[in-house]
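J.: So that we are looking at the same thing, I have put the structure below in C-alpha cells.
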Number of protein chains: 2
Amino acid sequence: MNRLLINGISAEYVSAMDRGLHYGDGIFETIACIDARPVFIEQHLDRMQRGADKLDIPFPDRQLVLDDIHRLLTSANGDSIIKLMLTRGRGERGYRFTGKPIATRICLHSARPDHVADWQQHGITAQFCETRVSRNASLSGIKSLNRLENVLAANELADTVDEGFMLDDDGNVVEGTMTNFFAVIDDTLVTPDLSYCGIHGIVREQIIQQAAKNNIPVHIRRISREQLAGAREIFICNSVIGVCPVRQLEQQRYGEDRITTTIKTILQRRIEADAKAAA
Amino acid sequence: MNRLLINGISAEYVSAMDRGLHYGDGIFETIACIDARPVFIEQHLDRMQRGADKLDIPFPDRQLVLDDIHRLLTSANGDSIIKLMLTRGRGERGYRFTGKPIATRICLHSARPDHVADWQQHGITAQFCETRVSRNASLSGIKSLNRLENVLAANELADTVDEGFMLDDDGNVVEGTMTNFFAVIDDTLVTPDLSYCGIHGIVREQIIQQAAKNNIPVHIRRISREQLAGAREIFICNSVIGVCPVRQLEQQRYGEDRITTTIKTILQRRIEADAKAAA
C-alpha cells in the first residue's frame, strides 16, 4: 500500500526549498476514513480551499486530490486517517512570493491511533496548558502549517493526561491542543467563540448544525477557565476521535454525560448520512 | 559548489514526515558571509541554541554546524548568505513528541540578493502592513519556522515598496517583515520593546550594545504608528542588509540621516572587529 503521495506520485521526500518547510507556508486537513471512505470529505476540501484562497495558494483540481485519497485508500479496511497538506511549493530565500507558484500537494495515509477506541469508550483526562493561543485575525480560521503553539502545548501534558486546553491572552479557553470542545454550563451547551483565534473544526461545525436541527441550542461565547472547570459536562471533538467525554480536568471529575451522549448519537447519525450520500 | 547540506550530506530533499514541514517545528538563522567568513557566527549559534533549548530540540555539536558552513563557503568570494535550519526531525502524525528525536540540520548557501547594494546606497521605501504580529510569550524571541505572518505581510507590499512595518494588536509597531528597525524620535534613538513578540535580531542587538559604548543611548519602548511616521530618521536592519535608511514611509519622506550614518559606521567597525577575532 502506498502511504504517501506527493503531487500524486508515490514518494517520501519533498524539496528542502519547499516554503512549507521554511515558513509553514501551507495548510492541512486531517480526515477520518471508514473502510475506503473519507468522512465529511466535501467539508474538508471546502475548508482547505478557503484557506488556500486566503493565503493565495492555487488550489488543485479537486478531482486530483480525491484521486490521491482514493489511491491510498484502495483496499483499506476499518478506521484510518488521511492527512492532506498543501504548501506554496518551492521558493527561493525570502518571505515575498511572486507569480503563481506550483503548490506541493501531499497526501498521507496512516492507521488510526490505538488510543482512540479507548478514549471514545472511557473518556479522557485533561489539563490546562501554559502555552497560549495567539490572537491573529489574519490567520484565524486558517488551518495552517504554523502549529508550533500546539506542539509546545502538547509537550506540556503530563504522562497521564490525554489532552490540554489552551487559553488566549485574555484568559478564555479556546480549544484543545488537537481538538475543539463543548461544555454544558448553566444547563446550556456552549463552545468558544473562535473569531480571533483557534481552528474551526469540521466536527465542531457539524455538531453546531446538527444540535440546532435537534432543538439543542448551542451558545457560541467566551468561556473562562473557571467556567469550564465548573461545567456539568465537557467533551472534546475532532475528525479522528469524533466526540469524547472529558472525565477529569485538573483535579475535577465529571460523571454526567447526558448531553454528550445525545450529541455523540446525533454526530454518528450524521456520519452515516454522509456515507450514504457518498455511496 | 554545494548549495545545500542536510545533516552534513549534500542533498536536495527532506523527509515528507519532517516536523519542520508539518508544524514549523524548528528554528532558523540567516547569516551574512563576507568571502568565506560568516559574520557574527557565535551570536547566531548562541541564539539558535537558545531557541533549540526553549523548544527542547537537541542542538547538534557546534563544530558540525561550523563544518557545514565552511564546506559550503569553500572558495566563496564576496557577499553571500548562509541559512541554517534545525527541525525536530521526522515524526509520526500528532503534535506530541516523545523521547529525544534526531533533529534535521539544514545548511543552505545562496547569493546575496541583488537589491541589497542598492538599498544600502539609496535607502528604501516602506509601508505599514495590515497583517499583525501575534503576541505570544511562549514563542517570543524564538526565530521559529512559523513565519506565515511574515509571508502574508510581505505579500501585502506594493510593487514599489521594499519593506513593510508590522504592528501588534495594540497598535505598536513591532518590526519589519524581515527586519528590525530604529527611529530617531524627539532627539532619541528608539527601537521597539520585543518582550511579547517579534524577533530579537542579531544586528539589532549589536547596534544596541555598540551605541551604548559610543554614548548614544537607545530607548527600548513602545512605538506607535503615528510616532514612527513622525520620526526624524528611521532605519531598518538585519544580518543581510546591515543598516538601511528608510527614505519614504507611506507618503512621508525622510532626508535626514545623521544618526543612521553614525550607527552604520559603528556597525561596520563591529563587523570588522568580528572578522579580525575570527581570523
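In the C-alpha cells, chains take the letters A, B, ... in the order shown, each chain's residues start at 1, and ligands count up from 1 in the order shown.
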Compile the contact shell of Val151 of chain A as a list in words: residues with an atom at most 10 Å away, counting only C-alpha atoms, same-chain residues fewer than 6 positions apart removed.
T.: Thr131, Thr177 and Met178 of chain A; Arg19, Tyr23, Gly24, Asp25, Leu55, Gly94, Tyr95, Arg96 and Phe97 of chain B
J.: Counting only C-alpha atoms, what are the residues of chain B within 6 Å of chain A, and for each of them which pair of atoms is the nearest and at what distance in Å, to one decimal? Sort the table by chain and rising number, as JSON lines.
T.:
```
{"residue": "B:Glu12", "atom": "CA", "partner": "A:Ala16", "partner_atom": "CA", "distance": 5.6}
{"residue": "B:Tyr13", "atom": "CA", "partner": "A:Ser15", "partner_atom": "CA", "distance": 4.4}
{"residue": "B:Val14", "atom": "CA", "partner": "A:Tyr13", "partner_atom": "CA", "distance": 5.3}
{"residue": "B:Ser15", "atom": "CA", "partner": "A:Tyr13", "partner_atom": "CA", "distance": 4.4}
{"residue": "B:Ala16", "atom": "CA", "partner": "A:Tyr13", "partner_atom": "CA", "distance": 4.8}
{"residue": "B:Gly20", "atom": "CA", "partner": "A:Leu21", "partner_atom": "CA", "distance": 5.5}
{"residue": "B:Leu21", "atom": "CA", "partner": "A:Leu21", "partner_atom": "CA", "distance": 4.1}
{"residue": "B:His22", "atom": "CA", "partner": "A:Leu145", "partner_atom": "CA", "distance": 5.9}
{"residue": "B:Tyr23", "atom": "CA", "partner": "A:Arg147", "partner_atom": "CA", "distance": 4.6}
{"residue": "B:Gly24", "atom": "CA", "partner": "A:Gly24", "partner_atom": "CA", "distance": 5.1}
{"residue": "B:Asp25", "atom": "CA", "partner": "A:Leu148", "partner_atom": "CA", "distance": 5.7}
{"residue": "B:Tyr95", "atom": "CA", "partner": "A:Val151", "partner_atom": "CA", "distance": 4.8}
{"residue": "B:Arg96", "atom": "CA", "partner": "A:Ala154", "partner_atom": "CA", "distance": 5.1}
{"residue": "B:Thr131", "atom": "CA", "partner": "A:Ser138", "partner_atom": "CA", "distance": 5.9}
{"residue": "B:Ser134", "atom": "CA", "partner": "A:Ser134", "partner_atom": "CA", "distance": 5.8}
{"residue": "B:Asn136", "atom": "CA", "partner": "A:Ser134", "partner_atom": "CA", "distance": 5.8}
{"residue": "B:Ser138", "atom": "CA", "partner": "A:Thr131", "partner_atom": "CA", "distance": 5.9}
{"residue": "B:Leu145", "atom": "CA", "partner": "A:Tyr23", "partner_atom": "CA", "distance": 5.1}
{"residue": "B:Asn146", "atom": "CA", "partner": "A:Asn146", "partner_atom": "CA", "distance": 4.8}
{"residue": "B:Arg147", "atom": "CA", "partner": "A:Tyr23", "partner_atom": "CA", "distance": 4.6}
{"residue": "B:Leu148", "atom": "CA", "partner": "A:Asp25", "partner_atom": "CA", "distance": 5.7}
{"residue": "B:Val151", "atom": "CA", "partner": "A:Tyr95", "partner_atom": "CA", "distance": 4.8}
{"residue": "B:Ala154", "atom": "CA", "partner": "A:Arg96", "partner_atom": "CA", "distance": 5.1}
{"residue": "B:Asn155", "atom": "CA", "partner": "A:Arg96", "partner_atom": "CA", "distance": 5.6}
```
J.: Name the residues in contact with Met166 of chain B at a cut-off of 6 Å, using only C-alpha atoms, excluding same-chain residues fewer than 2 positions from it; report them as a CSV table (one decimal) with N, CA, C and O atoms, in the first residue's frame.
T.:
```csv
chain,number,residue,atom,x,y,z
B,129,CYS,N,1.8,47.4,7.2
B,129,CYS,CA,1.1,46.2,6.8
B,129,CYS,C,-0.2,46.0,7.6
B,129,CYS,O,-0.2,46.5,8.8
B,132,ARG,N,-1.0,41.6,11.3
B,132,ARG,CA,-0.4,41.9,12.6
B,132,ARG,C,0.5,40.8,13.1
B,132,ARG,O,0.5,39.7,12.6
B,173,VAL,N,4.2,49.5,16.6
B,173,VAL,CA,4.9,49.0,15.5
B,173,VAL,C,6.0,48.1,16.1
B,173,VAL,O,6.8,48.5,17.0
B,174,VAL,N,6.1,46.9,15.6
B,174,VAL,CA,7.0,45.9,16.2
B,174,VAL,C,8.3,45.6,15.4
B,174,VAL,O,9.4,45.6,16.0
B,175,GLU,N,8.1,45.5,14.1
B,175,GLU,CA,9.2,45.1,13.3
B,175,GLU,C,8.8,45.2,11.8
B,175,GLU,O,7.7,45.4,11.5
B,176,GLY,N,9.8,45.1,10.9
B,176,GLY,CA,9.6,45.0,9.5
B,176,GLY,C,9.3,43.5,9.2
B,176,GLY,O,9.5,42.6,10.1
```
J.: Residues of segment 31-88 of chain A within 9 Å of segment 179-203 of chain A: nearest atom pair and distance (Å, one decimal) for each, counting only C-alpha atoms, sorted by chain and number, as JSON lines?
T.:
```
{"residue": "A:Phe40", "atom": "CA", "partner": "A:Ile202", "partner_atom": "CA", "distance": 7.8}
{"residue": "A:Gln43", "atom": "CA", "partner": "A:Ile202", "partner_atom": "CA", "distance": 6.8}
{"residue": "A:His44", "atom": "CA", "partner": "A:Ile202", "partner_atom": "CA", "distance": 6.9}
{"residue": "A:Arg47", "atom": "CA", "partner": "A:Ile202", "partner_atom": "CA", "distance": 8.3}
```
J.: Just write the chosen residues, N, CA and C atoms, as a short mmCIF file (atom, residue, chain, number, x, y, z; two decimals), in the first residue's frame.
T.:
```cif
data_model
loop_
_atom_site.label_atom_id
_atom_site.label_comp_id
_atom_site.auth_asym_id
_atom_site.auth_seq_id
_atom_site.Cartn_x
_atom_site.Cartn_y
_atom_site.Cartn_z
N PHE A 40 -16.89 13.31 5.68
CA PHE A 40 -17.02 14.78 5.55
C PHE A 40 -15.99 15.34 4.57
N GLN A 43 -16.68 18.85 3.13
CA GLN A 43 -16.44 19.92 4.11
C GLN A 43 -14.94 20.17 4.30
N HIS A 44 -14.16 19.08 4.33
CA HIS A 44 -12.71 19.25 4.48
C HIS A 44 -12.12 19.99 3.28
N ARG A 47 -13.06 23.68 3.33
CA ARG A 47 -12.25 24.48 4.27
C ARG A 47 -10.84 24.68 3.73
#
```
J.: I'd like the contact shell of Ser224 of chain B - 8 Å cut-off, only C-alpha atoms, skipping same-chain residues fewer than 3 positions apart - returned as JSON, numbers by chain.
T.: {"B": [171, 172, 173, 227, 228]}
J.: Would you mind exporting the chosen residues as a compact mmCIF listing (two decimals), in the first residue's frame, restricted to N, CA, C and O atoms?
T.:
```
# COMPACT_ATOMS: atom_id res chain seq x y z
N GLY B 171 -1.53 48.22 18.42
CA GLY B 171 -1.18 49.35 17.55
C GLY B 171 0.26 49.81 17.67
O GLY B 171 0.63 50.85 17.13
N ASN B 172 1.11 49.03 18.35
CA ASN B 172 2.53 49.35 18.41
C ASN B 172 3.24 48.75 17.19
O ASN B 172 2.96 47.61 16.82
N VAL B 173 4.17 49.52 16.62
CA VAL B 173 4.95 48.99 15.50
C VAL B 173 6.04 48.10 16.10
O VAL B 173 6.77 48.52 17.00
N GLN B 227 3.89 57.87 15.94
CA GLN B 227 5.22 58.27 16.39
C GLN B 227 6.28 57.90 15.34
O GLN B 227 7.18 58.69 15.06
N LEU B 228 6.14 56.70 14.77
CA LEU B 228 7.13 56.28 13.77
C LEU B 228 7.05 57.18 12.55
O LEU B 228 8.08 57.64 12.04
```
J.: Please compute the atom CA of Glu163 of chain A-atom CA of Arg258 of chain A distance, one decimal, in Å.
T.: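 Taking atom CA of Glu163 of chain A as the start and atom CA of Arg258 of chain A as the end point, the length is 21.5 Å.
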J.: Go through A:Glu226, A:Asp35, A:Asp68, A:Glu29 one by one, measure the shortest atom-to-atom distance of each to Arg50 of chain A using only C-alpha atoms, and give the residue with the smallest value.
T.: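 Checking each of A:Glu226, A:Asp35, A:Asp68, A:Glu29 against Arg50 of chain A, counting only C-alpha atoms, the winner is A:Glu29.
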J.: DSSP on the backbone: what in segment 88-248 of chain B comes out strand (DSSP E or B), as a PyMOL selection string?
T.: chain B and resi 90+104-111+124-128+144+163-167+172-176+180-185+188-192+218-221+224+233-238+242-248
